[in-house]
$ cat work-v3.cif   # mmCIF, C-alpha atoms and all ligand atoms
data_start
#
loop_
_atom_site.label_atom_id
_atom_site.label_comp_id
_atom_site.auth_asym_id
_atom_site.auth_seq_id
_atom_site.Cartn_x
_atom_site.Cartn_y
_atom_site.Cartn_z
CA MET A 82 -1.72 13.82 -73.55
CA ASP A 83 -1.14 17.42 -74.53
CA HIS A 84 -3.19 20.45 -75.51
CA PHE A 85 -1.83 20.93 -79.04
CA GLN A 86 -4.71 19.62 -81.13
CA LEU A 87 -6.37 20.22 -84.50
CA ARG A 88 -9.64 22.17 -84.35
CA ASN A 89 -11.54 23.16 -87.46
CA GLY A 90 -8.54 22.22 -89.57
CA GLU A 91 -6.03 24.29 -87.63
CA LEU A 92 -3.58 23.31 -84.93
CA HIS A 93 -4.35 25.09 -81.67
CA ALA A 94 -2.48 25.49 -78.41
CA GLU A 95 -5.36 25.06 -75.96
CA ASP A 96 -7.96 27.48 -77.40
CA VAL A 97 -5.56 29.63 -79.39
CA PRO A 98 -4.99 29.01 -83.11
CA LEU A 99 -1.26 28.90 -83.73
CA SER A 100 -1.53 31.26 -86.71
CA ARG A 101 -2.68 33.97 -84.29
CA ILE A 102 0.53 33.59 -82.27
CA ALA A 103 2.66 33.61 -85.43
CA GLU A 104 1.00 36.85 -86.56
CA ALA A 105 1.38 38.53 -83.19
CA VAL A 106 4.87 37.39 -82.22
CA GLY A 107 6.50 36.21 -85.46
CA THR A 108 8.34 32.97 -86.05
CA PRO A 109 10.19 30.94 -85.01
CA VAL A 110 8.62 30.92 -81.56
CA TYR A 111 8.32 28.37 -78.79
CA VAL A 112 4.73 27.92 -77.63
CA TYR A 113 3.98 26.36 -74.23
CA SER A 114 0.65 25.17 -72.88
CA ARG A 115 -0.01 25.98 -69.25
CA ALA A 116 -2.67 23.26 -68.97
CA THR A 117 -0.26 20.64 -70.31
CA PHE A 118 2.47 21.61 -67.85
CA GLU A 119 -0.01 21.44 -65.00
CA ARG A 120 -1.38 18.14 -66.17
CA HIS A 121 2.09 16.60 -66.39
CA ALA A 122 3.05 17.85 -62.92
CA ARG A 123 -0.16 16.40 -61.46
CA VAL A 124 0.15 13.09 -63.29
CA PHE A 125 3.72 12.70 -62.07
CA ARG A 126 2.75 13.50 -58.49
CA LYS A 127 -0.20 11.11 -58.63
CA ALA A 128 2.05 8.37 -60.00
CA LEU A 129 4.11 8.67 -56.81
CA SER A 130 1.16 8.79 -54.45
CA GLY A 131 1.61 5.12 -53.48
CA LEU A 132 4.97 5.74 -51.80
CA GLU A 133 5.43 5.25 -48.08
CA ARG A 134 6.01 9.01 -47.55
CA PRO A 135 5.17 12.07 -49.65
CA PRO A 136 8.10 12.58 -52.04
CA HIS A 137 10.00 15.76 -52.84
CA ILE A 138 9.68 16.55 -56.55
CA ALA A 139 12.33 18.91 -57.91
CA PHE A 140 11.85 19.94 -61.55
CA ALA A 141 15.12 19.72 -63.50
CA VAL A 142 15.42 23.38 -64.45
CA LYS A 143 17.81 22.63 -67.31
CA ALA A 144 14.87 21.14 -69.23
CA ASN A 145 13.05 24.49 -69.35
CA PRO A 146 14.29 27.39 -67.22
CA ASN A 147 11.78 29.96 -68.44
CA LEU A 148 10.60 32.02 -65.45
CA ALA A 149 6.93 31.59 -66.33
CA VAL A 150 7.37 27.82 -66.50
CA LEU A 151 9.17 27.74 -63.15
CA SER A 152 6.58 29.92 -61.50
CA LEU A 153 3.78 27.72 -62.86
CA LEU A 154 5.52 24.61 -61.51
CA SER A 155 6.21 26.32 -58.21
CA ARG A 156 2.45 26.90 -57.90
CA GLU A 157 2.04 23.17 -58.47
CA GLY A 158 4.25 22.59 -55.43
CA LEU A 159 7.35 21.49 -57.29
CA GLY A 160 10.84 22.43 -56.18
CA ALA A 161 13.86 22.65 -58.46
CA ASP A 162 16.94 20.65 -59.36
CA VAL A 163 19.58 23.17 -60.45
CA VAL A 164 23.08 22.80 -61.84
CA SER A 165 24.38 26.38 -61.84
CA GLY A 166 24.11 29.66 -59.99
CA GLY A 167 22.06 30.94 -62.91
CA GLU A 168 19.51 28.16 -62.56
CA MET A 169 19.36 28.66 -58.79
CA ALA A 170 18.69 32.38 -59.26
CA ARG A 171 15.87 31.59 -61.68
CA ALA A 172 14.27 29.08 -59.31
CA LEU A 173 14.40 31.62 -56.48
CA ALA A 174 13.09 34.40 -58.72
CA ALA A 175 10.18 32.16 -59.69
CA GLY A 176 9.21 31.90 -56.04
CA MET A 177 10.52 28.45 -55.24
CA PRO A 178 11.62 28.26 -51.59
CA ALA A 179 15.38 27.73 -51.30
CA SER A 180 14.70 24.73 -49.09
CA ASP A 181 12.97 23.03 -52.06
CA ILE A 182 16.03 23.39 -54.29
CA VAL A 183 18.56 20.63 -54.92
CA PHE A 184 21.96 21.54 -56.37
CA SER A 185 23.47 18.88 -58.68
CA GLY A 186 26.43 18.94 -61.06
CA VAL A 187 30.10 17.97 -61.13
CA GLY A 188 31.47 21.48 -61.50
CA LYS A 189 29.87 23.64 -58.84
CA THR A 190 32.31 26.51 -58.32
CA HIS A 191 33.52 27.83 -54.97
CA LYS A 192 31.28 30.86 -55.44
CA GLU A 193 28.25 28.79 -56.43
CA LEU A 194 28.67 26.58 -53.36
CA GLY A 195 28.94 29.61 -51.07
CA ASP A 196 26.03 31.43 -52.68
CA ALA A 197 23.83 28.35 -52.44
CA LEU A 198 24.70 27.98 -48.77
CA ASP A 199 23.84 31.63 -48.19
CA ALA A 200 20.54 31.13 -49.98
CA GLY A 201 19.71 28.22 -47.66
CA ILE A 202 19.51 25.59 -50.37
CA GLY A 203 17.71 22.35 -49.48
CA GLN A 204 20.29 19.81 -50.57
CA PHE A 205 23.64 19.60 -52.32
CA ASN A 206 24.18 16.45 -54.34
CA ILE A 207 27.92 16.04 -53.86
CA GLU A 208 29.59 14.51 -56.89
CA SER A 209 33.15 13.95 -55.60
CA GLY A 210 35.27 13.79 -52.47
CA GLU A 211 36.99 16.95 -53.67
CA GLU A 212 33.70 18.84 -53.86
CA GLY A 213 32.52 17.49 -50.50
CA ARG A 214 35.69 18.64 -48.73
CA GLU A 215 35.49 22.08 -50.33
CA LEU A 216 31.83 22.48 -49.40
CA ALA A 217 32.58 21.39 -45.81
CA GLU A 218 35.25 24.08 -45.52
CA ILE A 219 33.05 26.80 -46.96
CA ALA A 220 30.17 25.83 -44.69
CA ALA A 221 32.37 25.66 -41.58
CA ALA A 222 33.82 29.11 -42.37
CA LYS A 223 30.29 30.50 -42.62
CA GLY A 224 29.17 28.67 -39.47
CA LYS A 225 26.58 26.76 -41.50
CA VAL A 226 25.71 23.13 -42.07
CA ALA A 227 25.07 22.02 -45.66
CA GLN A 228 22.38 19.38 -46.17
CA CYS A 229 23.90 16.85 -48.57
CA ALA A 230 23.53 13.60 -50.42
CA LEU A 231 26.36 11.73 -52.08
CA ARG A 232 25.70 11.08 -55.76
CA VAL A 233 26.87 7.62 -56.71
CA ASN A 234 27.63 6.28 -60.14
CA PRO A 235 26.04 2.81 -60.13
CA ASP A 236 27.65 1.65 -63.40
CA VAL A 237 24.37 0.86 -65.08
CA ASP A 238 23.83 1.32 -68.81
CA ALA A 239 20.64 3.31 -69.19
CA GLY A 240 20.29 2.19 -72.81
CA THR A 241 19.85 5.74 -74.07
CA HIS A 242 21.86 7.99 -76.41
CA ASP A 243 25.54 8.05 -75.34
CA LYS A 244 25.57 11.82 -74.94
CA ILE A 245 22.75 11.77 -72.37
CA SER A 246 23.82 8.69 -70.45
CA THR A 247 25.22 9.52 -67.00
CA GLY A 248 25.40 6.34 -64.94
CA LYS A 249 28.11 4.29 -66.64
CA ALA A 250 31.42 3.85 -64.83
CA ASP A 251 33.32 6.04 -67.30
CA ASN A 252 30.80 8.92 -67.20
CA LYS A 253 31.91 11.97 -65.22
CA PHE A 254 28.95 11.91 -62.83
CA GLY A 255 28.86 10.81 -59.18
CA VAL A 256 31.43 8.75 -57.31
CA PRO A 257 32.02 5.11 -58.20
CA ILE A 258 29.61 3.19 -56.03
CA GLY A 259 32.50 1.17 -54.57
CA HIS A 260 34.04 4.41 -53.23
CA ALA A 261 30.83 5.41 -51.46
CA PRO A 262 31.35 3.71 -48.05
CA ALA A 263 34.79 5.21 -47.41
CA LEU A 264 33.79 8.63 -48.72
CA PHE A 265 30.54 8.64 -46.78
CA ALA A 266 32.46 7.78 -43.61
CA GLU A 267 34.95 10.59 -44.24
CA LEU A 268 32.47 13.30 -45.22
CA SER A 269 29.94 12.49 -42.52
CA GLN A 270 32.60 13.45 -39.93
CA LYS A 271 32.78 17.00 -41.28
CA PRO A 272 31.06 19.55 -39.05
CA GLY A 273 30.00 21.64 -42.08
CA LEU A 274 28.04 18.79 -43.66
CA ASN A 275 24.93 16.87 -42.78
CA LEU A 276 25.33 13.94 -45.14
CA ARG A 277 21.88 12.45 -45.07
CA GLY A 278 21.51 10.26 -48.13
CA LEU A 279 22.47 9.09 -51.60
CA ALA A 280 21.55 10.34 -55.06
CA VAL A 281 21.56 8.75 -58.48
CA HIS A 282 20.68 9.77 -62.05
CA ILE A 283 21.64 7.38 -64.82
CA GLY A 284 20.51 9.23 -67.92
CA SER A 285 17.72 10.88 -69.82
CA GLN A 286 14.98 9.84 -72.27
CA LEU A 287 14.92 6.31 -70.80
CA SER A 288 12.54 4.04 -72.67
CA ASP A 289 13.01 1.03 -70.40
CA LEU A 290 12.51 0.98 -66.63
CA ALA A 291 14.79 -2.02 -66.05
CA PRO A 292 18.09 -0.06 -65.89
CA LEU A 293 16.49 2.38 -63.44
CA GLU A 294 15.27 -0.47 -61.27
CA ALA A 295 18.74 -2.02 -61.35
CA ALA A 296 20.28 1.30 -60.30
CA PHE A 297 17.76 1.73 -57.47
CA ALA A 298 18.51 -1.80 -56.25
CA LYS A 299 22.23 -0.99 -56.09
CA LEU A 300 21.44 2.26 -54.31
CA GLY A 301 19.20 0.47 -51.80
CA ALA A 302 21.90 -2.11 -51.06
CA MET A 303 24.39 0.70 -50.47
CA MET A 304 21.91 2.44 -48.16
CA THR A 305 21.53 -0.76 -46.13
CA GLN A 306 25.31 -1.14 -45.90
CA LEU A 307 25.79 2.47 -44.79
CA ARG A 308 23.12 2.10 -42.12
CA ALA A 309 24.82 -1.08 -40.90
CA GLU A 310 28.00 0.98 -40.60
CA GLY A 311 26.17 3.38 -38.30
CA HIS A 312 25.11 6.16 -40.68
CA THR A 313 21.70 7.81 -40.59
CA ILE A 314 20.02 7.92 -44.01
CA THR A 315 16.86 9.97 -44.27
CA HIS A 316 16.78 11.05 -47.94
CA MET A 317 17.33 9.19 -51.22
CA ASP A 318 17.31 11.12 -54.51
CA LEU A 319 16.33 8.97 -57.48
CA GLY A 320 16.97 11.61 -60.16
CA GLY A 321 14.98 12.01 -63.36
CA GLY A 322 15.26 10.33 -66.73
CA LEU A 323 11.80 9.05 -67.64
CA GLY A 324 11.42 9.23 -71.40
CA VAL A 325 8.53 10.73 -73.37
CA PRO A 326 7.04 9.80 -76.75
CA TYR A 327 8.55 11.85 -79.57
CA LYS A 328 6.54 10.08 -82.27
CA ALA A 329 2.75 9.98 -82.41
CA GLY A 330 1.59 6.62 -81.10
CA GLU A 331 4.97 5.66 -79.62
CA GLN A 332 4.56 3.64 -76.41
CA LEU A 333 6.86 4.32 -73.47
CA PRO A 334 6.59 3.43 -69.80
CA SER A 335 4.04 5.81 -68.29
CA PRO A 336 4.52 7.83 -65.11
CA ALA A 337 2.18 5.30 -63.45
CA ASP A 338 4.46 2.41 -64.55
CA TYR A 339 7.42 4.36 -63.21
CA GLY A 340 5.66 5.08 -59.91
CA ALA A 341 4.76 1.42 -59.45
CA MET A 342 8.35 0.38 -60.13
CA VAL A 343 9.68 2.97 -57.67
CA ALA A 344 7.25 1.83 -54.97
CA ARG A 345 8.37 -1.77 -55.50
CA ALA A 346 12.09 -0.96 -55.61
CA THR A 347 12.05 1.25 -52.51
CA LYS A 348 9.71 -0.73 -50.29
CA GLY A 349 10.78 -0.50 -46.65
CA TRP A 350 13.48 2.12 -47.29
CA ASP A 351 12.00 4.44 -44.65
CA VAL A 352 13.28 7.64 -46.24
CA THR A 353 11.94 10.71 -48.02
CA LEU A 354 12.37 10.01 -51.71
CA MET A 355 13.39 12.85 -54.00
CA PHE A 356 12.88 13.06 -57.77
CA GLU A 357 14.30 15.31 -60.48
CA PRO A 358 12.02 14.98 -63.51
CA GLY A 359 12.60 17.32 -66.44
CA ARG A 360 11.51 16.04 -69.82
CA VAL A 361 8.44 14.16 -68.59
CA ILE A 362 7.03 17.43 -67.24
CA ALA A 363 8.10 19.78 -70.03
CA GLY A 364 8.67 17.81 -73.24
CA ASN A 365 5.17 17.58 -74.63
CA ALA A 366 4.09 20.89 -73.10
CA GLY A 367 5.76 22.88 -75.88
CA VAL A 368 6.13 23.13 -79.65
CA LEU A 369 8.44 25.16 -81.85
CA LEU A 370 6.31 27.09 -84.32
CA THR A 371 8.07 27.84 -87.59
CA ARG A 372 7.28 29.19 -91.05
CA VAL A 373 8.38 27.67 -94.34
CA ILE A 374 10.76 30.10 -96.09
CA ARG A 375 10.74 28.18 -99.35
CA VAL A 376 10.58 24.70 -100.75
CA LYS A 377 13.66 23.94 -102.81
CA ARG A 378 13.79 21.28 -105.44
CA GLY A 379 16.16 18.44 -104.55
CA LEU A 380 17.67 15.52 -106.43
CA LYS A 381 15.55 12.94 -104.69
CA HIS A 382 13.18 14.87 -102.43
CA PRO A 383 12.44 18.57 -101.98
CA PHE A 384 14.05 20.52 -99.14
CA VAL A 385 11.49 22.23 -96.95
CA ILE A 386 13.50 25.18 -95.62
CA VAL A 387 11.96 26.50 -92.41
CA ASP A 388 12.86 29.64 -90.47
CA ALA A 389 13.80 27.62 -87.36
CA ALA A 390 17.29 26.17 -87.31
CA MET A 391 19.69 24.07 -85.27
CA ASN A 392 20.51 27.11 -83.14
CA ASP A 393 16.86 27.26 -82.02
CA LEU A 394 16.30 23.52 -81.57
CA ALA A 395 19.62 21.71 -81.27
CA ARG A 396 18.43 18.17 -80.47
CA PRO A 397 18.26 16.78 -84.02
CA ALA A 398 21.74 18.11 -84.84
CA LEU A 399 23.26 17.01 -81.52
CA TYR A 400 21.65 13.63 -80.96
CA GLY A 401 20.00 12.77 -84.26
CA ALA A 402 16.76 13.26 -82.31
CA TRP A 403 13.35 12.90 -83.93
CA HIS A 404 10.70 15.61 -83.52
CA ASP A 405 7.32 15.10 -85.17
CA PHE A 406 6.71 17.86 -87.71
CA ASP A 407 3.13 18.85 -88.52
CA ALA A 408 1.52 21.55 -90.63
CA VAL A 409 -0.55 24.06 -88.68
CA LYS A 410 -3.24 23.87 -91.40
CA PRO A 411 -2.86 20.41 -92.94
CA SER A 412 -4.56 19.97 -96.30
CA GLY A 413 -4.67 16.20 -95.91
CA GLU A 414 -2.09 15.75 -98.67
CA LYS A 415 1.33 14.32 -97.90
CA MET A 416 4.79 14.74 -99.38
CA VAL A 417 8.19 13.19 -98.73
CA ALA A 418 10.77 15.85 -97.98
CA ASN A 419 13.92 16.83 -96.14
CA ILE A 420 13.31 19.43 -93.42
CA VAL A 421 16.18 21.86 -92.97
CA GLY A 422 16.93 25.25 -91.46
CA PRO A 423 18.79 28.21 -92.99
CA ILE A 424 22.11 27.66 -91.14
CA CYS A 425 25.19 27.04 -93.25
CA GLU A 426 26.08 23.54 -92.27
CA THR A 427 24.61 20.17 -93.13
CA GLY A 428 24.02 19.47 -89.44
CA ASP A 429 21.16 21.94 -89.70
CA THR A 430 18.85 19.16 -90.80
CA PHE A 431 15.75 18.27 -88.81
CA ALA A 432 14.75 15.24 -90.88
CA MET A 433 15.57 13.44 -94.13
CA ASP A 434 13.18 11.53 -96.37
CA ARG A 435 10.31 12.21 -93.96
CA GLU A 436 6.67 11.85 -94.95
CA ILE A 437 5.06 15.12 -93.87
CA ASP A 438 2.01 17.26 -94.56
CA THR A 439 2.35 18.98 -97.91
CA LEU A 440 3.73 22.48 -97.37
CA ILE A 441 4.52 25.47 -99.53
CA ALA A 442 6.38 28.70 -98.86
CA GLY A 443 4.69 30.78 -96.18
CA ASP A 444 2.95 27.86 -94.47
CA LEU A 445 3.25 27.37 -90.72
CA ALA A 446 4.34 24.12 -89.09
CA VAL A 447 5.45 22.88 -85.68
CA PHE A 448 8.17 20.71 -84.29
CA ARG A 449 6.46 18.87 -81.46
CA THR A 450 7.79 17.81 -78.07
CA ALA A 451 9.99 20.88 -77.92
CA GLY A 452 9.09 22.02 -74.39
CA ALA A 453 12.13 20.31 -72.87
CA TYR A 454 15.72 20.96 -73.98
CA GLY A 455 14.44 23.31 -76.69
CA ALA A 456 14.74 27.06 -76.09
CA THR A 457 17.14 26.39 -73.23
CA MET A 458 19.75 24.93 -75.60
CA ALA A 459 19.49 27.73 -78.17
CA SER A 460 22.54 29.61 -79.38
CA SER A 461 23.04 32.59 -81.68
CA TYR A 462 25.08 30.67 -84.27
CA ASN A 463 25.12 32.30 -87.71
CA SER A 464 24.31 35.55 -85.88
CA ARG A 465 20.72 34.58 -85.50
CA GLY A 466 18.88 35.94 -82.50
CA PHE A 467 17.25 34.03 -79.67
CA VAL A 468 13.67 32.96 -80.34
CA ALA A 469 10.71 34.26 -78.40
CA GLU A 470 8.68 32.06 -76.05
CA VAL A 471 4.93 32.25 -75.54
CA MET A 472 2.70 30.63 -72.93
CA VAL A 473 -0.94 29.88 -73.68
CA ASP A 474 -3.58 29.76 -70.98
CA GLY A 475 -7.01 28.82 -72.37
CA SER A 476 -7.88 31.47 -74.94
CA ASP A 477 -5.22 33.83 -73.64
CA PHE A 478 -1.53 33.95 -74.41
CA ALA A 479 1.49 35.96 -73.28
CA VAL A 480 5.06 36.41 -74.48
CA VAL A 481 7.12 34.88 -71.66
CA ALA A 482 10.50 35.53 -73.30
CA ASP A 483 11.17 38.33 -75.77
CA ARG A 484 12.85 37.58 -79.03
CA ILE A 485 16.46 38.77 -78.70
CA PRO A 486 17.50 40.23 -82.05
CA PRO A 487 21.02 39.68 -83.38
CA GLY A 488 21.77 43.38 -82.93
CA ASP A 489 21.24 43.15 -79.17
CA ILE A 490 23.76 40.34 -79.01
CA ALA A 491 26.26 42.33 -81.05
CA ASP A 492 25.73 45.26 -78.65
CA ALA A 493 27.65 43.29 -76.01
CA GLU A 494 30.71 43.23 -78.29
CA ARG A 495 33.15 46.00 -79.05
CA VAL A 496 36.17 46.69 -81.22
CA PRO A 497 39.15 47.56 -78.95
CA ASP A 498 41.08 50.82 -79.31
CA PHE A 499 44.16 48.99 -80.64
CA LEU A 500 42.20 48.03 -83.74
CA LYS A 501 40.96 51.56 -84.34
CA ASP A 502 44.11 53.35 -85.56
N1 LIG B 601 18.79 15.23 -62.73
C1 LIG B 601 20.04 15.32 -63.21
C2 LIG B 601 21.16 15.27 -62.28
C3 LIG B 601 20.26 15.45 -64.59
O1 LIG B 601 21.50 15.53 -65.06
C4 LIG B 601 19.16 15.51 -65.46
C5 LIG B 601 19.34 15.65 -66.91
C6 LIG B 601 17.86 15.43 -64.92
C7 LIG B 601 17.71 15.28 -63.54
C8 LIG B 601 16.61 15.49 -65.74
O2 LIG B 601 16.50 14.43 -66.61
P1 LIG B 601 15.15 14.19 -67.44
O3 LIG B 601 14.06 13.85 -66.47
O4 LIG B 601 14.85 15.44 -68.18
O5 LIG B 601 15.50 13.09 -68.36
N2 LIG B 601 19.88 17.84 -73.61
C9 LIG B 601 19.49 16.45 -73.60
C10 LIG B 601 19.11 15.96 -72.22
C11 LIG B 601 20.20 16.15 -71.19
C12 LIG B 601 19.78 15.71 -69.81
C13 LIG B 601 20.82 16.06 -68.81
N3 LIG B 601 20.48 15.76 -67.46
C14 LIG B 601 18.36 16.23 -74.59
O6 LIG B 601 17.96 17.18 -75.27
O7 LIG B 601 17.90 15.10 -74.79
#
$ encode --input "work-v3.cif" --output "structure tokens" --more "lines below"
Ligand code: LLP
Amino acid sequence: MDHFQLRNGELHAEDVPLSRIAEAVGTPVYVYSRATFERHARVFRKALSGLERPPHIAFAVKANPNLAVLSLLSREGLGADVVSGGEMARALAAGMPASDIVFSGVGKTHKELGDALDAGIGQFNIESGEEGRELAEIAAAKGKVAQCALRVNPDVDAGTHDKISTGKADNKFGVPIGHAPALFAELSQKPGLNLRGLAVHIGSQLSDLAPLEAAFAKLGAMMTQLRAEGHTITHMDLGGGLGVPYKAGEQLPSPADYGAMVARATKGWDVTLMFEPGRVIAGNAGVLLTRVIRVKRGLKHPFVIVDAAMNDLARPALYGAWHDFDAVKPSGEKMVANIVGPICETGDTFAMDREIDTLIAGDLAVFRTAGAYGATMASSYNSRGFVAEVMVDGSDFAVVADRIPPGDIADAERVPDFLKD
């Protein structure tokens, strides 16, 4: 459930009519609902309340790194899963304690590892022997001990889009599960590391819990084997990945279904479980508000040309992803149309042959479920700026990210002297 609903014929974010935000801030603009974020964080936590120990929930910052979003989630008691120094800095700036931050990713640089150690990060999810050895050296040189888990690749097909699948044997993530015992034995000898568990994340937008359960079973078996070999395992990180409905009425496993499956799969593990949800917290807590520039006659169907484009919301162009598209003031009439942005390539298409609310030039509309992997994946392609972001709180709203105009981006560029003669 989210707080983007029709009231008196107009789509509102909580108590704010979306046309008011468009007038004040312009379009395109991402609009987030504080109440929806909070609700999702609480629902997720409640879904995990049947576990043997209180879990550690680390929001996957990549899904929505806006500082207001992170500070809201920090107030809800969530930590952060970060994959770069930039994300770590944001989590810290938003008030998340360093000890609640998990650092994932295959390409942590020497500097990022050192900085995270200095910050006192809660856990490194080591993705290779090479990384583990490097981290051990850095930690030893600093006289520190890095808390770590070894991320394993369980070779499970998550059944999601290929580009967001991470747990198949030929994906770059984690170490092959068969390599885990030898690597665990080697790395756990290093004085700079406290290797305390395993981590797994098999992919995103999962619509079936069975692959997750299969991965957790493999992880549990590995944990048992490692314990039998004399290792102490206190933490197991089960990643993120739970999918969300992108189409009205679509049925996916709920957080409660997920929680029940996790409780079943991890029964008797005797560890602190860690989670890295992104989309399930953020996805339906945001929309991308856009204005129709014009409606162009087409051969078969009209093209509804909106002022948002693939640089603002990349998911349809990258993954063929579906986002529901609704008029802010629907008349009740419908049309079949192609929804496109102004960018000069055919990839800048949000939908083809879609039945939508009838729209004309100047009308406002939203792409729904844009709170995760929306603004964060924006680019300035076609020398467009970066869109603004707004957060609504009841009848109040605030700009939580300024629009960055194309000129400000160009200000970072210069023509060198050798081209000036
Ligand atoms: N943990 C790790 C290690 C991850 O790589 C990810 C997502 C997550 C947690 C959070 O997954 P979630 O709960 O959000 O599914 N840009 C793509 C999604 C890429 C996800 C990458 N990793 C999209 O727009 O669909």
$ residues_around --input "work-v3.cif" --residues "Phe205 in chain A" --least-positions-apart "2" --cutoff "12 Å" --atoms "all atoms listed in the file" --output "PDB file with C-alpha atoms, keeping the file's coordinate frame"
ATOM      1  CA  ALA A 161      13.860  22.650 -58.460  1.00  0.00           C
ATOM      2  CA  ASP A 162      16.940  20.650 -59.360  1.00  0.00           C
ATOM      3  CA  VAL A 163      19.580  23.170 -60.450  1.00  0.00           C
ATOM      4  CA  VAL A 164      23.080  22.800 -61.840  1.00  0.00           C
ATOM      5  CA  SER A 165      24.380  26.380 -61.840  1.00  0.00           C
ATOM      6  CA  MET A 169      19.360  28.660 -58.790  1.00  0.00           C
ATOM      7  CA  ALA A 179      15.380  27.730 -51.300  1.00  0.00           C
ATOM      8  CA  SER A 180      14.700  24.730 -49.090  1.00  0.00           C
ATOM      9  CA  ASP A 181      12.970  23.030 -52.060  1.00  0.00           C
ATOM     10  CA  ILE A 182      16.030  23.390 -54.290  1.00  0.00           C
ATOM     11  CA  VAL A 183      18.560  20.630 -54.920  1.00  0.00           C
ATOM     12  CA  PHE A 184      21.960  21.540 -56.370  1.00  0.00           C
ATOM     13  CA  SER A 185      23.470  18.880 -58.680  1.00  0.00           C
ATOM     14  CA  GLY A 186      26.430  18.940 -61.060  1.00  0.00           C
ATOM     15  CA  VAL A 187      30.100  17.970 -61.130  1.00  0.00           C
ATOM     16  CA  LYS A 189      29.870  23.640 -58.840  1.00  0.00           C
ATOM     17  CA  GLU A 193      28.250  28.790 -56.430  1.00  0.00           C
ATOM     18  CA  LEU A 194      28.670  26.580 -53.360  1.00  0.00           C
ATOM     19  CA  GLY A 195      28.940  29.610 -51.070  1.00  0.00           C
ATOM     20  CA  ALA A 197      23.830  28.350 -52.440  1.00  0.00           C
ATOM     21  CA  LEU A 198      24.700  27.980 -48.770  1.00  0.00           C
ATOM     22  CA  GLY A 201      19.710  28.220 -47.660  1.00  0.00           C
ATOM     23  CA  ILE A 202      19.510  25.590 -50.370  1.00  0.00           C
ATOM     24  CA  GLY A 203      17.710  22.350 -49.480  1.00  0.00           C
ATOM     25  CA  ILE A 207      27.920  16.040 -53.860  1.00  0.00           C
ATOM     26  CA  GLU A 208      29.590  14.510 -56.890  1.00  0.00           C
ATOM     27  CA  SER A 209      33.150  13.950 -55.600  1.00  0.00           C
ATOM     28  CA  GLU A 212      33.700  18.840 -53.860  1.00  0.00           C
ATOM     29  CA  GLY A 213      32.520  17.490 -50.500  1.00  0.00           C
ATOM     30  CA  LEU A 216      31.830  22.480 -49.400  1.00  0.00           C
ATOM     31  CA  ALA A 217      32.580  21.390 -45.810  1.00  0.00           C
ATOM     32  CA  ALA A 220      30.170  25.830 -44.690  1.00  0.00           C
ATOM     33  CA  VAL A 226      25.710  23.130 -42.070  1.00  0.00           C
ATOM     34  CA  ALA A 227      25.070  22.020 -45.660  1.00  0.00           C
ATOM     35  CA  GLN A 228      22.380  19.380 -46.170  1.00  0.00           C
ATOM     36  CA  CYS A 229      23.900  16.850 -48.570  1.00  0.00           C
ATOM     37  CA  ALA A 230      23.530  13.600 -50.420  1.00  0.00           C
ATOM     38  CA  LEU A 231      26.360  11.730 -52.080  1.00  0.00           C
ATOM     39  CA  ARG A 232      25.700  11.080 -55.760  1.00  0.00           C
ATOM     40  CA  LEU A 274      28.040  18.790 -43.660  1.00  0.00           C
ATOM     41  CA  ASN A 275      24.930  16.870 -42.780  1.00  0.00           C
ATOM     42  CA  LEU A 276      25.330  13.940 -45.140  1.00  0.00           C
ATOM     43  CA  ARG A 277      21.880  12.450 -45.070  1.00  0.00           C
ATOM     44  CA  GLY A 278      21.510  10.260 -48.130  1.00  0.00           C
ATOM     45  CA  LEU A 279      22.470   9.090 -51.600  1.00  0.00           C
ATOM     46  CA  ALA A 280      21.550  10.340 -55.060  1.00  0.00           C
ATOM     47  CA  HIS A 316      16.780  11.050 -47.940  1.00  0.00           C
ATOM     48  CA  ASP A 318      17.310  11.120 -54.510  1.00  0.00           C
TER      49      ASP A 318
END
$ residues_near_ligand --input "work-v3.cif" --ligand "ligand LIG 601 (chain B)" --cutoff "7 Å" --atoms "all atoms listed in the file" --output "list in words"
Ala141, Ala144, Asp162, Ser185, Gly186, Ile245, His282, Gly284, Ser285, Gln286, Gly320, Gly321, Gly322, Leu323, Gly324, Glu357, Pro358, Gly359, Arg360, Val361, Arg396 and Tyr454 of chain A
$ closest_residue --input "work-v3.cif" --among "A:Lys410, A:Arg345, A:Lys415, A:Arg465" --to "Asp393 in chain A" --atoms "all atoms listed in the file"
A:Arg465
$ residues_near_point --input "work-v3.cif" --point "(27.7, -0.1, -68.1)" --cutoff "7 Å" --atoms "only C-alpha atoms" --output "list of chain:residue names"
A:Asp236, A:Val237, A:Asp238, A:Lys249, A:Ala250
$ closest_residue --input "work-v3.cif" --among "A:Ala122, A:Ile219, A:Val473, A:Ala329" --to "Lys192 in chain A" --atoms "all atoms listed in the file"
A:Ile219
$ closest_residue --input "work-v3.cif" --among "A:Val496, A:Ile386, A:Ala482, A:Met355" --to "Asn145 in chain A" --atoms "only C-alpha atoms"
A:Ala482
$ atom_distance --input "work-v3.cif" --atom1 "CA of Ser464 in chain A" --atom2 "CA of Arg484 in chain A"
13.5 Å
$ atom_distance --input "work-v3.cif" --atom1 "CA of Gln86 in chain A" --atom2 "CA of Glu436 in chain A"
19.5 Å
$ closest_residue --input "work-v3.cif" --among "A:Leu307, A:Val343, A:Leu300, A:Leu129" --to "Ser269 in chain A" --atoms "only C-alpha atoms"
A:Leu307
$ atom_distance --input "work-v3.cif" --atom1 "CA of Phe265 in chain A" --atom2 "CA of Gly210 in chain A"
9.0 Å
